[in-house]
>>> print(open('input-v8.txt').read())   # compact mmCIF, C-alpha atoms and all ligand atoms
# COMPACT_ATOMS: atom_id res chain seq x y z
CA MET A 259 0.00 0.00 0.00
CA SER A 260 1.27 3.50 -0.65
CA GLU A 261 2.74 5.35 2.29
CA GLY A 262 0.39 7.53 4.33
CA VAL A 263 -2.73 5.43 3.56
CA ARG A 264 -4.53 4.61 6.81
CA LEU A 265 -5.47 0.96 6.81
CA ASP A 266 -8.92 0.20 8.19
CA PRO A 267 -8.40 -2.08 11.23
CA HIS A 268 -11.90 -3.65 11.07
CA ALA A 269 -10.60 -7.24 10.84
CA ARG A 270 -8.22 -6.80 13.78
CA VAL A 271 -10.99 -5.30 15.90
CA ALA A 272 -13.37 -8.15 15.04
CA TYR A 273 -10.86 -10.97 15.56
CA ASP A 274 -9.23 -9.61 18.71
CA ASP A 275 -12.67 -9.85 20.31
CA PHE A 276 -13.77 -13.11 18.64
CA ALA A 277 -10.45 -14.98 19.12
CA PRO A 278 -11.39 -16.96 22.27
CA PHE A 279 -14.45 -18.37 20.48
CA TYR A 280 -13.08 -18.92 16.97
CA ASP A 281 -12.13 -22.57 17.49
CA ALA A 282 -15.54 -23.44 18.96
CA PHE A 283 -17.20 -21.69 16.01
CA THR A 284 -15.12 -23.58 13.44
CA ALA A 285 -15.02 -26.93 15.30
CA GLY A 286 -16.66 -28.70 12.36
CA HIS A 287 -13.99 -27.68 9.83
CA ASP A 288 -11.73 -30.58 8.82
CA TYR A 289 -8.35 -28.88 8.35
CA GLU A 290 -6.47 -32.17 8.19
CA ALA A 291 -8.36 -33.20 5.05
CA TRP A 292 -8.57 -29.71 3.51
CA THR A 293 -4.87 -28.95 3.89
CA ARG A 294 -3.99 -32.41 2.46
CA ASP A 295 -6.01 -31.62 -0.65
CA LEU A 296 -4.42 -28.17 -0.92
CA GLU A 297 -0.96 -29.65 -0.46
CA ALA A 298 -1.71 -32.10 -3.29
CA LEU A 299 -2.70 -29.18 -5.56
CA ALA A 300 0.53 -27.40 -4.61
CA ARG A 301 2.59 -30.51 -5.44
CA GLU A 302 0.87 -30.80 -8.83
CA ALA A 303 1.88 -27.17 -9.41
CA GLY A 304 5.53 -27.97 -8.60
CA LEU A 305 5.87 -27.63 -4.80
CA ARG A 306 9.12 -29.20 -3.64
CA GLY A 307 10.26 -27.82 -0.26
CA ARG A 308 8.71 -27.57 3.20
CA ARG A 309 9.18 -23.96 4.22
CA LEU A 310 5.68 -22.62 4.88
CA LEU A 311 4.41 -19.08 5.42
CA ASP A 312 0.79 -19.00 6.64
CA VAL A 313 -0.58 -15.48 6.08
CA ALA A 314 -3.67 -14.62 8.16
CA CYS A 315 -3.05 -17.79 10.16
CA GLY A 316 -5.83 -17.10 12.66
CA SER A 317 -5.65 -19.39 15.69
CA GLY A 318 -3.26 -21.74 13.86
CA LYS A 319 -5.76 -24.23 12.42
CA SER A 320 -4.44 -23.70 8.88
CA PHE A 321 -0.78 -24.38 9.72
CA LEU A 322 -0.92 -27.00 12.51
CA PRO A 323 -1.39 -29.95 10.08
CA PHE A 324 1.69 -28.76 8.15
CA LEU A 325 3.74 -28.66 11.36
CA GLU A 326 2.83 -32.30 11.92
CA ARG A 327 3.93 -33.07 8.34
CA GLY A 328 7.39 -31.71 9.01
CA TYR A 329 7.09 -28.22 7.54
CA ALA A 330 9.13 -25.36 8.99
CA VAL A 331 6.36 -22.86 9.72
CA THR A 332 6.28 -19.06 9.87
CA ALA A 333 2.86 -17.53 10.37
CA CYS A 334 1.28 -14.13 10.87
CA ASP A 335 -2.08 -12.49 11.46
CA ILE A 336 -3.34 -8.93 11.84
CA SER A 337 -4.94 -9.83 15.18
CA PRO A 338 -2.55 -10.12 18.13
CA ALA A 339 -5.15 -12.23 19.96
CA MET A 340 -5.43 -14.74 17.10
CA ALA A 341 -1.64 -14.83 16.62
CA GLY A 342 -1.27 -15.40 20.37
CA LEU A 343 -3.55 -18.45 20.23
CA ALA A 344 -1.62 -19.79 17.24
CA ALA A 345 1.72 -19.32 19.00
CA ALA A 346 0.43 -21.08 22.12
CA LYS A 347 -0.70 -24.09 20.08
CA ALA A 348 2.60 -24.25 18.20
CA GLN A 349 4.49 -24.49 21.51
CA GLY A 350 7.64 -22.94 20.11
CA ARG A 351 7.63 -25.05 16.92
CA ALA A 352 6.56 -22.13 14.68
CA ARG A 353 7.55 -18.48 14.31
CA VAL A 354 4.32 -16.49 14.75
CA GLU A 355 4.19 -12.71 14.23
CA VAL A 356 1.62 -9.94 13.94
CA HIS A 357 1.46 -8.43 10.44
CA ASP A 358 -1.16 -6.82 8.24
CA MET A 359 -1.08 -8.65 4.91
CA ARG A 360 -1.75 -5.34 3.14
CA GLU A 361 1.82 -4.38 4.03
CA LEU A 362 3.47 -7.73 4.53
CA PRO A 363 7.27 -7.46 4.82
CA ARG A 364 9.64 -10.07 3.45
CA LEU A 365 9.73 -12.58 6.30
CA GLY A 366 11.94 -15.05 4.46
CA GLU A 367 11.93 -17.33 1.45
CA PHE A 368 9.08 -19.85 1.42
CA ASP A 369 8.26 -22.86 -0.74
CA LEU A 370 4.57 -22.58 0.14
CA VAL A 371 2.67 -19.41 1.05
CA LEU A 372 -0.91 -19.94 2.24
CA CYS A 373 -3.73 -17.51 2.98
CA LEU A 374 -6.76 -19.61 3.85
CA ASP A 375 -10.41 -19.57 4.78
CA ASP A 376 -11.64 -16.37 3.16
CA ALA A 377 -8.97 -14.14 4.73
CA VAL A 378 -8.61 -12.23 1.43
CA ASN A 379 -12.32 -11.38 1.55
CA TYR A 380 -11.59 -9.12 4.54
CA LEU A 381 -9.69 -6.94 2.03
CA LEU A 382 -12.33 -4.45 1.01
CA ASP A 383 -11.05 -3.20 -2.33
CA ARG A 384 -8.83 -4.21 -5.23
CA VAL A 385 -5.94 -2.04 -4.04
CA GLU A 386 -5.86 -3.95 -0.75
CA LEU A 387 -6.18 -7.28 -2.55
CA GLY A 388 -3.32 -6.33 -4.88
CA ALA A 389 -1.13 -5.25 -1.96
CA ALA A 390 -1.72 -8.56 -0.15
CA LEU A 391 -0.96 -10.64 -3.25
CA ALA A 392 2.23 -8.63 -3.81
CA GLY A 393 3.20 -9.42 -0.20
CA MET A 394 2.72 -13.14 -0.86
CA ARG A 395 4.81 -12.88 -4.03
CA ARG A 396 7.53 -11.07 -2.04
CA ASN A 397 7.87 -14.09 0.26
CA LEU A 398 8.04 -16.83 -2.41
CA ALA A 399 11.27 -18.78 -2.77
CA PRO A 400 12.37 -19.54 -6.33
CA GLY A 401 9.87 -22.16 -7.50
CA GLY A 402 7.53 -21.42 -4.60
CA ILE A 403 3.74 -21.82 -4.66
CA ALA A 404 1.08 -19.52 -3.19
CA ILE A 405 -2.43 -20.77 -2.40
CA PHE A 406 -5.36 -18.66 -1.28
CA ASP A 407 -9.13 -18.99 -1.38
CA ALA A 408 -11.95 -16.51 -1.80
CA ASN A 409 -15.64 -16.88 -1.02
CA CYS A 410 -18.07 -17.39 -3.91
CA LEU A 411 -21.27 -15.41 -4.46
CA HIS A 412 -23.14 -18.51 -3.25
CA THR A 413 -21.55 -18.10 0.21
CA TYR A 414 -22.62 -14.46 0.44
CA ARG A 415 -26.14 -15.21 -0.75
CA SER A 416 -26.54 -18.12 1.71
CA ALA A 417 -24.35 -18.19 4.87
CA PHE A 418 -23.75 -14.42 4.83
CA ALA A 419 -27.46 -13.75 4.36
CA THR A 420 -28.95 -16.03 7.03
CA LEU A 421 -28.95 -16.69 10.75
CA SER A 422 -27.22 -19.71 12.27
CA VAL A 423 -26.45 -20.73 15.83
CA VAL A 424 -23.69 -22.83 17.43
CA PRO A 425 -25.16 -23.72 20.83
CA SER A 426 -23.66 -25.38 23.89
CA ASP A 427 -24.45 -25.28 27.62
CA ASP A 428 -22.13 -22.41 28.51
CA LEU A 429 -21.49 -20.75 25.15
CA VAL A 430 -23.85 -19.76 22.34
CA ILE A 431 -22.46 -18.26 19.14
CA VAL A 432 -24.95 -16.60 16.85
CA TRP A 433 -23.93 -15.86 13.26
CA ARG A 434 -26.20 -13.16 11.85
CA GLY A 435 -25.71 -12.82 8.10
CA GLU A 436 -26.50 -9.25 7.07
CA THR A 437 -25.83 -9.52 3.35
CA SER A 438 -28.40 -9.12 0.61
CA PRO A 439 -29.41 -12.58 -0.71
CA GLY A 440 -29.11 -10.97 -4.14
CA LEU A 441 -25.59 -9.61 -3.68
CA GLU A 442 -24.06 -8.65 -7.02
CA PRO A 443 -20.57 -9.81 -8.08
CA GLY A 444 -17.93 -7.68 -6.37
CA GLY A 445 -20.35 -6.47 -3.70
CA ARG A 446 -19.73 -6.13 0.00
CA GLY A 447 -20.96 -8.67 2.53
CA ALA A 448 -21.32 -8.40 6.28
CA ALA A 449 -22.17 -10.55 9.26
CA THR A 450 -22.23 -10.12 13.01
CA THR A 451 -21.11 -12.80 15.43
CA GLN A 452 -22.87 -12.52 18.75
CA VAL A 453 -21.26 -14.44 21.61
CA LEU A 454 -23.26 -15.31 24.73
CA ARG A 455 -21.20 -16.72 27.59
CA ARG A 456 -22.57 -18.08 30.83
CA ALA A 457 -21.23 -15.99 33.71
CA PRO A 458 -21.60 -17.39 37.23
CA PRO A 459 -23.63 -17.14 39.38
CA GLY A 460 -26.38 -17.48 36.79
CA GLY A 461 -26.13 -14.68 34.28
CA TRP A 462 -24.85 -14.32 30.73
CA VAL A 463 -22.31 -11.93 29.15
CA GLU A 464 -22.80 -10.79 25.56
CA THR A 465 -20.26 -9.49 23.03
CA ALA A 466 -20.62 -8.86 19.30
CA GLN A 467 -18.20 -8.56 16.42
CA ARG A 468 -18.83 -7.27 12.93
CA HIS A 469 -17.27 -9.03 9.96
CA LEU A 470 -16.91 -6.92 6.83
CA GLN A 471 -16.02 -8.65 3.59
CA ARG A 472 -16.00 -8.17 -0.14
CA HIS A 473 -16.72 -10.67 -2.87
CA HIS A 474 -13.72 -10.73 -5.23
CA PRO A 475 -14.82 -12.04 -8.65
CA GLU A 476 -12.37 -14.35 -10.42
CA SER A 477 -11.66 -11.68 -13.05
CA ALA A 478 -10.64 -9.20 -10.31
CA VAL A 479 -8.42 -11.79 -8.64
CA ARG A 480 -6.79 -12.63 -11.96
CA GLY A 481 -6.10 -8.93 -12.59
CA ALA A 482 -4.72 -8.34 -9.10
CA ALA A 483 -2.58 -11.49 -9.23
CA GLY A 484 -1.07 -10.50 -12.57
CA ALA A 485 -0.29 -6.98 -11.34
CA ALA A 486 1.31 -8.49 -8.20
CA GLY A 487 3.67 -10.65 -10.26
CA LEU A 488 1.81 -13.92 -9.77
CA ARG A 489 0.81 -16.42 -12.43
CA LEU A 490 -2.25 -18.54 -11.68
CA ALA A 491 -1.23 -22.16 -12.23
CA CYS A 492 -4.59 -23.62 -11.29
CA VAL A 493 -8.01 -22.34 -10.23
CA ARG A 494 -10.57 -24.68 -8.66
CA GLY A 495 -14.12 -24.28 -7.45
CA MET A 496 -14.67 -25.84 -4.04
CA ARG A 497 -18.06 -27.11 -2.89
CA SER A 498 -19.22 -27.13 0.71
CA ASP A 499 -18.44 -30.89 0.92
CA GLY A 500 -14.77 -30.03 0.29
CA SER A 501 -14.65 -31.39 -3.26
CA PHE A 502 -12.68 -29.49 -5.93
CA HIS A 503 -14.04 -28.81 -9.42
CA ALA A 504 -12.28 -27.58 -12.54
CA ALA A 505 -15.30 -25.44 -13.41
CA VAL A 506 -15.80 -22.51 -11.04
CA ASP A 507 -19.54 -22.05 -10.58
CA GLU A 508 -20.02 -18.96 -8.39
CA LEU A 509 -23.61 -19.98 -7.66
CA ARG A 510 -22.85 -23.56 -6.55
CA CYS A 511 -19.33 -23.48 -5.11
CA SER A 512 -18.58 -22.12 -1.64
CA LYS A 513 -15.04 -20.97 -2.46
CA VAL A 514 -12.58 -20.50 -5.29
CA VAL A 515 -9.09 -21.87 -4.62
CA TYR A 516 -6.22 -20.13 -6.42
CA VAL A 517 -2.80 -21.76 -6.86
CA ALA A 518 -0.12 -19.33 -8.04
CA THR A 519 3.57 -19.17 -8.87
CA ALA A 520 5.85 -16.23 -9.46
CA ALA A 521 5.10 -14.90 -12.93
CA ASP A 522 8.76 -14.56 -13.85
CA GLN A 523 9.66 -18.22 -13.31
CA ASP A 524 9.34 -21.38 -15.31
CA GLN A 525 7.08 -23.28 -12.95
CA SER A 526 6.35 -26.48 -14.84
CA PRO A 527 6.41 -29.48 -12.45
CA GLY A 528 9.92 -30.68 -11.85
CA THR A 529 11.62 -27.38 -12.55
CA GLY A 530 11.04 -25.69 -9.18
CA THR A 531 14.08 -24.96 -7.04
CA ARG A 532 14.17 -27.37 -4.15
CA GLY A 533 13.82 -25.84 -0.68
CA THR A 534 14.99 -27.34 2.58
C1 LIG B 1 -11.63 -16.84 8.89
S1 LIG B 1 -10.10 -16.51 9.67
C2 LIG B 1 -9.03 -17.74 8.93
C3 LIG B 1 -7.83 -18.04 9.80
C4 LIG B 1 -6.98 -19.24 9.37
N1 LIG B 1 -6.31 -19.00 8.11
C5 LIG B 1 -7.82 -20.48 9.31
O1 LIG B 1 -7.95 -21.07 8.22
O2 LIG B 1 -8.35 -20.90 10.36
C6 LIG B 1 -9.56 -15.03 8.87
C7 LIG B 1 -8.30 -14.46 9.47
O3 LIG B 1 -7.82 -13.41 8.63
C8 LIG B 1 -7.20 -12.45 9.45
N2 LIG B 1 -7.06 -11.21 8.69
C9 LIG B 1 -8.05 -10.45 8.18
N3 LIG B 1 -7.54 -9.37 7.56
C10 LIG B 1 -6.19 -9.46 7.69
C11 LIG B 1 -5.09 -8.65 7.26
N4 LIG B 1 -5.30 -7.50 6.59
N5 LIG B 1 -3.84 -9.06 7.52
C12 LIG B 1 -3.62 -10.22 8.20
N6 LIG B 1 -4.61 -11.00 8.67
C13 LIG B 1 -5.89 -10.64 8.39
C14 LIG B 1 -8.13 -12.37 10.64
O4 LIG B 1 -7.54 -11.76 11.76
C15 LIG B 1 -8.46 -13.83 10.85
O5 LIG B 1 -7.58 -14.45 11.77
>>> encode(input="input-v8.txt", output="structure tokens", more="lines below")
Ligand SMILES: C[S@@+](CC[C@H](N)C(=O)[O-])C[C@H]1O[C@@H](n2cnc3c(N)ncnc32)[C@H](O)[C@@H]1O
Amino acid sequence: MSEGVRLDPHARVAYDDFAPFYDAFTAGHDYEAWTRDLEALAREAGLRGRRLLDVACGSGKSFLPFLERGYAVTACDISPAMAGLAAAKAQGRARVEVHDMRELPRLGEFDLVLCLDDAVNYLLDRVELGAALAGMRRNLAPGGIAIFDANCLHTYRSAFATLSVVPSDDLVIVWRGETSPGLEPGGRGAATTQVLRRAPPGGWVETAQRHLQRHHPESAVRGAAGAAGLRLACVRGMRSDGSFHAAVDELRCSKVVYVATAADQDQSPGTGTRGT
């Protein structure tokens, strides 16, 4: 981002408050299976080494399976509270820092750069998206692979437009989708998470966090990736059952998964520079 631009901290504000409840809210997400499938896509695109940078790592769910697979992990998030949870889970086995991906410094040289679970949708315009993709490019080792996902229109018109509840005895998380069920491509989506916690001796405490997102159409992502020096090696539609599809159907898929290499490198499988 150009100097002097004030970056809206909406995602940090939301996630600093929501951090203690994030894992309960996402308990049903199978990161072991998802990250295996993503790793397979990365290998098809030429991934060789095991140096991982997880951008917008949240509470660590997106990098923990890679730690177990022997990757050397560096991770960062805009939210100190989320990064703190991730660092605690890593127990010293990962380097976890606080960074805004809109001005991501060069943290090293990585064979795999990830930015998962709709983190790029918290970037509210194409300038921010472009800055984040340039930051990922900046951290790629020669032959490295970047993978990120973005929510489809279907997700905004369904989950982001309806009410859902994750209940338990002492904690109730309400997801209140506040997006138009007819959201147009490239439009903004919003939701509020409302957290109700039982507070002895018999009361409840309530907090709320607002999640602001933008739908990034594939054409916008392709433009931003090209301008950031990335070449898209593979684009897949992902359905809510986790399956990948060559055809991206914005009205049936939940996410689009983008697999990218540096634009200025020959990235055909087998030609990538081997990392450690
Ligand atoms: C839905 S969570 C996903 C976290 C993790 N990647 C996962 O898969 O569990 C989105 C994360 O993006 C982070 N985030 C949003 N905007 C960011 C930014 N500009 N820079 C870095 N992190 C950001 C949030 O703090 C949050 O932890």
>>> closest_atom_pairs(input="input-v8.txt", of="stretch 312-404 of chain A", to="stretch 410-421 of chain A", cutoff="12 Å", atoms="only C-alpha atoms", output="tab-separated table")
residue	atom	partner	partner_atom	distance
A:Asp375	CA	A:Cys410	CA	11.8
A:Asp376	CA	A:Cys410	CA	9.6
A:Asn379	CA	A:Cys410	CA	9.9
>>> closest_atom_pairs(input="input-v8.txt", of="chain A", to="ligand LIG 1 (chain B)", cutoff="9 Å", atoms="only C-alpha atoms and all ligand atoms", output="JSON lines")
{"residue": "A:Leu265", "atom": "CA", "partner": "B:LIG1", "partner_atom": "N4", "distance": 8.5}
{"residue": "A:Asp266", "atom": "CA", "partner": "B:LIG1", "partner_atom": "N4", "distance": 8.7}
{"residue": "A:Pro267", "atom": "CA", "partner": "B:LIG1", "partner_atom": "N4", "distance": 7.8}
{"residue": "A:His268", "atom": "CA", "partner": "B:LIG1", "partner_atom": "N3", "distance": 8.0}
{"residue": "A:Ala269", "atom": "CA", "partner": "B:LIG1", "partner_atom": "C9", "distance": 4.9}
{"residue": "A:Arg270", "atom": "CA", "partner": "B:LIG1", "partner_atom": "O4", "distance": 5.4}
{"residue": "A:Val271", "atom": "CA", "partner": "B:LIG1", "partner_atom": "O4", "distance": 8.4}
{"residue": "A:Ala272", "atom": "CA", "partner": "B:LIG1", "partner_atom": "O4", "distance": 7.6}
{"residue": "A:Tyr273", "atom": "CA", "partner": "B:LIG1", "partner_atom": "O4", "distance": 5.1}
{"residue": "A:Asp274", "atom": "CA", "partner": "B:LIG1", "partner_atom": "O4", "distance": 7.5}
{"residue": "A:Ala277", "atom": "CA", "partner": "B:LIG1", "partner_atom": "O5", "distance": 7.9}
{"residue": "A:Tyr280", "atom": "CA", "partner": "B:LIG1", "partner_atom": "S1", "distance": 8.2}
{"residue": "A:Asp281", "atom": "CA", "partner": "B:LIG1", "partner_atom": "O2", "distance": 8.2}
{"residue": "A:Thr284", "atom": "CA", "partner": "B:LIG1", "partner_atom": "O2", "distance": 7.9}
{"residue": "A:His287", "atom": "CA", "partner": "B:LIG1", "partner_atom": "O2", "distance": 8.8}
{"residue": "A:Tyr289", "atom": "CA", "partner": "B:LIG1", "partner_atom": "O1", "distance": 7.8}
{"residue": "A:Asp312", "atom": "CA", "partner": "B:LIG1", "partner_atom": "N1", "distance": 7.3}
{"residue": "A:Val313", "atom": "CA", "partner": "B:LIG1", "partner_atom": "C12", "distance": 6.4}
{"residue": "A:Ala314", "atom": "CA", "partner": "B:LIG1", "partner_atom": "N6", "distance": 3.8}
{"residue": "A:Cys315", "atom": "CA", "partner": "B:LIG1", "partner_atom": "N1", "distance": 4.0}
{"residue": "A:Gly316", "atom": "CA", "partner": "B:LIG1", "partner_atom": "O5", "distance": 3.3}
{"residue": "A:Ser317", "atom": "CA", "partner": "B:LIG1", "partner_atom": "O2", "distance": 6.2}
{"residue": "A:Gly318", "atom": "CA", "partner": "B:LIG1", "partner_atom": "O2", "distance": 6.2}
{"residue": "A:Lys319", "atom": "CA", "partner": "B:LIG1", "partner_atom": "O2", "distance": 4.7}
{"residue": "A:Ser320", "atom": "CA", "partner": "B:LIG1", "partner_atom": "O1", "distance": 4.4}
{"residue": "A:Phe321", "atom": "CA", "partner": "B:LIG1", "partner_atom": "N1", "distance": 7.9}
{"residue": "A:Cys334", "atom": "CA", "partner": "B:LIG1", "partner_atom": "C12", "distance": 6.8}
{"residue": "A:Asp335", "atom": "CA", "partner": "B:LIG1", "partner_atom": "N6", "distance": 4.1}
{"residue": "A:Ile336", "atom": "CA", "partner": "B:LIG1", "partner_atom": "C12", "distance": 3.9}
{"residue": "A:Ser337", "atom": "CA", "partner": "B:LIG1", "partner_atom": "O4", "distance": 4.7}
{"residue": "A:Pro338", "atom": "CA", "partner": "B:LIG1", "partner_atom": "O4", "distance": 8.3}
{"residue": "A:Ala339", "atom": "CA", "partner": "B:LIG1", "partner_atom": "O4", "distance": 8.6}
{"residue": "A:Met340", "atom": "CA", "partner": "B:LIG1", "partner_atom": "O5", "distance": 5.8}
{"residue": "A:Ala341", "atom": "CA", "partner": "B:LIG1", "partner_atom": "O5", "distance": 7.7}
{"residue": "A:Val356", "atom": "CA", "partner": "B:LIG1", "partner_atom": "C12", "distance": 7.8}
{"residue": "A:His357", "atom": "CA", "partner": "B:LIG1", "partner_atom": "C12", "distance": 5.8}
{"residue": "A:Asp358", "atom": "CA", "partner": "B:LIG1", "partner_atom": "N5", "distance": 3.6}
{"residue": "A:Met359", "atom": "CA", "partner": "B:LIG1", "partner_atom": "N5", "distance": 3.8}
{"residue": "A:Arg360", "atom": "CA", "partner": "B:LIG1", "partner_atom": "N4", "distance": 5.4}
{"residue": "A:Glu361", "atom": "CA", "partner": "B:LIG1", "partner_atom": "N5", "distance": 8.1}
{"residue": "A:Leu362", "atom": "CA", "partner": "B:LIG1", "partner_atom": "N5", "distance": 8.0}
{"residue": "A:Leu372", "atom": "CA", "partner": "B:LIG1", "partner_atom": "N1", "distance": 8.0}
{"residue": "A:Cys373", "atom": "CA", "partner": "B:LIG1", "partner_atom": "N1", "distance": 5.9}
{"residue": "A:Leu374", "atom": "CA", "partner": "B:LIG1", "partner_atom": "N1", "distance": 4.3}
{"residue": "A:Asp375", "atom": "CA", "partner": "B:LIG1", "partner_atom": "O1", "distance": 4.5}
{"residue": "A:Asp376", "atom": "CA", "partner": "B:LIG1", "partner_atom": "C1", "distance": 5.7}
{"residue": "A:Ala377", "atom": "CA", "partner": "B:LIG1", "partner_atom": "O3", "distance": 4.1}
{"residue": "A:Val378", "atom": "CA", "partner": "B:LIG1", "partner_atom": "N3", "distance": 6.8}
{"residue": "A:Asn379", "atom": "CA", "partner": "B:LIG1", "partner_atom": "N3", "distance": 7.9}
{"residue": "A:Tyr380", "atom": "CA", "partner": "B:LIG1", "partner_atom": "N3", "distance": 5.1}
{"residue": "A:Leu381", "atom": "CA", "partner": "B:LIG1", "partner_atom": "N4", "distance": 6.4}
{"residue": "A:Glu386", "atom": "CA", "partner": "B:LIG1", "partner_atom": "N4", "distance": 8.2}
{"residue": "A:Ala390", "atom": "CA", "partner": "B:LIG1", "partner_atom": "N4", "distance": 7.7}
>>> write_last_selection(input="input-v8.txt", atoms="C-alpha atoms", output="JSON list (two decimals), in the coordinates of the input")
[["chain", "number", "residue", "atom", "x", "y", "z"],
["A", 265, "LEU", "CA", -5.47, 0.96, 6.81],
["A", 266, "ASP", "CA", -8.92, 0.20, 8.19],
["A", 267, "PRO", "CA", -8.40, -2.08, 11.23],
["A", 268, "HIS", "CA", -11.90, -3.65, 11.07],
["A", 269, "ALA", "CA", -10.60, -7.24, 10.84],
["A", 270, "ARG", "CA", -8.22, -6.80, 13.78],
["A", 271, "VAL", "CA", -10.99, -5.30, 15.90],
["A", 272, "ALA", "CA", -13.37, -8.15, 15.04],
["A", 273, "TYR", "CA", -10.86, -10.97, 15.56],
["A", 274, "ASP", "CA", -9.23, -9.61, 18.71],
["A", 277, "ALA", "CA", -10.45, -14.98, 19.12],
["A", 280, "TYR", "CA", -13.08, -18.92, 16.97],
["A", 281, "ASP", "CA", -12.13, -22.57, 17.49],
["A", 284, "THR", "CA", -15.12, -23.58, 13.44],
["A", 287, "HIS", "CA", -13.99, -27.68, 9.83],
["A", 289, "TYR", "CA", -8.35, -28.88, 8.35],
["A", 312, "ASP", "CA", 0.79, -19.00, 6.64],
["A", 313, "VAL", "CA", -0.58, -15.48, 6.08],
["A", 314, "ALA", "CA", -3.67, -14.62, 8.16],
["A", 315, "CYS", "CA", -3.05, -17.79, 10.16],
["A", 316, "GLY", "CA", -5.83, -17.10, 12.66],
["A", 317, "SER", "CA", -5.65, -19.39, 15.69],
["A", 318, "GLY", "CA", -3.26, -21.74, 13.86],
["A", 319, "LYS", "CA", -5.76, -24.23, 12.42],
["A", 320, "SER", "CA", -4.44, -23.70, 8.88],
["A", 321, "PHE", "CA", -0.78, -24.38, 9.72],
["A", 334, "CYS", "CA", 1.28, -14.13, 10.87],
["A", 335, "ASP", "CA", -2.08, -12.49, 11.46],
["A", 336, "ILE", "CA", -3.34, -8.93, 11.84],
["A", 337, "SER", "CA", -4.94, -9.83, 15.18],
["A", 338, "PRO", "CA", -2.55, -10.12, 18.13],
["A", 339, "ALA", "CA", -5.15, -12.23, 19.96],
["A", 340, "MET", "CA", -5.43, -14.74, 17.10],
["A", 341, "ALA", "CA", -1.64, -14.83, 16.62],
["A", 356, "VAL", "CA", 1.62, -9.94, 13.94],
["A", 357, "HIS", "CA", 1.46, -8.43, 10.44],
["A", 358, "ASP", "CA", -1.16, -6.82, 8.24],
["A", 359, "MET", "CA", -1.08, -8.65, 4.91],
["A", 360, "ARG", "CA", -1.75, -5.34, 3.14],
["A", 361, "GLU", "CA", 1.82, -4.38, 4.03],
["A", 362, "LEU", "CA", 3.47, -7.73, 4.53],
["A", 372, "LEU", "CA", -0.91, -19.94, 2.24],
["A", 373, "CYS", "CA", -3.73, -17.51, 2.98],
["A", 374, "LEU", "CA", -6.76, -19.61, 3.85],
["A", 375, "ASP", "CA", -10.41, -19.57, 4.78],
["A", 376, "ASP", "CA", -11.64, -16.37, 3.16],
["A", 377, "ALA", "CA", -8.97, -14.14, 4.73],
["A", 378, "VAL", "CA", -8.61, -12.23, 1.43],
["A", 379, "ASN", "CA", -12.32, -11.38, 1.55],
["A", 380, "TYR", "CA", -11.59, -9.12, 4.54],
["A", 381, "LEU", "CA", -9.69, -6.94, 2.03],
["A", 386, "GLU", "CA", -5.86, -3.95, -0.75],
["A", 390, "ALA", "CA", -1.72, -8.56, -0.15]]
>>> closest_residue(input="input-v8.txt", among="A:Ala352, A:Leu391, A:Ala282, A:Ala518", to="A:Arg489", atoms="only C-alpha atoms")
A:Ala518
>>> atom_distance(input="input-v8.txt", atom1="atom CA of A:Glu355", atom2="atom CA of A:Val517")
24.0 Å
>>> closest_residue(input="input-v8.txt", among="A:Pro278, A:Gly286, A:Pro475, A:Pro400", to="A:Leu387", atoms="only C-alpha atoms")
A:Pro475
>>> closest_residue(input="input-v8.txt", among="A:Val331, A:Leu311, A:Leu490, A:Val479", to="A:Asn409", atoms="all atoms listed in the file")
A:Val479
>>> atom_distance(input="input-v8.txt", atom1="atom CA of A:Arg306", atom2="atom CA of A:Ala392")
21.7 Å
>>> atom_distance(input="input-v8.txt", atom1="atom CA of A:Arg308", atom2="atom CA of A:Arg494")
22.8 Å
>>> closest_residue(input="input-v8.txt", among="A:Glu436, A:Glu290, A:Asp295, A:Glu302", to="A:Phe324", atoms="only C-alpha atoms")
A:Glu290
>>> residues_around(input="input-v8.txt", residues="A:Ala482", least_positions_apart="2", cutoff="8 Å", atoms="all atoms listed in the file", output="JSON, numbers by chain")
{"A": [384, 387, 388, 391, 478, 479, 480, 484, 485, 486]}
>>> write_last_selection(input="input-v8.txt", atoms="C-alpha atoms", output="CSV table (one decimal), in the frame of the given file")
chain,number,residue,atom,x,y,z
A,384,ARG,CA,-8.8,-4.2,-5.2
A,387,LEU,CA,-6.2,-7.3,-2.6
A,388,GLY,CA,-3.3,-6.3,-4.9
A,391,LEU,CA,-1.0,-10.6,-3.2
A,478,ALA,CA,-10.6,-9.2,-10.3
A,479,VAL,CA,-8.4,-11.8,-8.6
A,480,ARG,CA,-6.8,-12.6,-12.0
A,484,GLY,CA,-1.1,-10.5,-12.6
A,485,ALA,CA,-0.3,-7.0,-11.3
A,486,ALA,CA,1.3,-8.5,-8.2
>>> residues_around(input="input-v8.txt", residues="A:Val506", least_positions_apart="2", cutoff="9 Å", atoms="all atoms listed in the file", output="JSON, numbers by chain")
{"A": [476, 493, 494, 495, 496, 503, 504, 508, 509, 510, 511, 513, 514]}
>>> closest_residue(input="input-v8.txt", among="A:Ala466, A:Gly445, A:Ala491, A:Gly500", to="A:Asp383", atoms="only C-alpha atoms")
A:Gly445
>>> residues_near_point(input="input-v8.txt", point="(3.8, -16.3, -14.3)", cutoff="7 Å", atoms="only C-alpha atoms", output="MDAnalysis selection string")
chainID A and resid 487:490 519:523
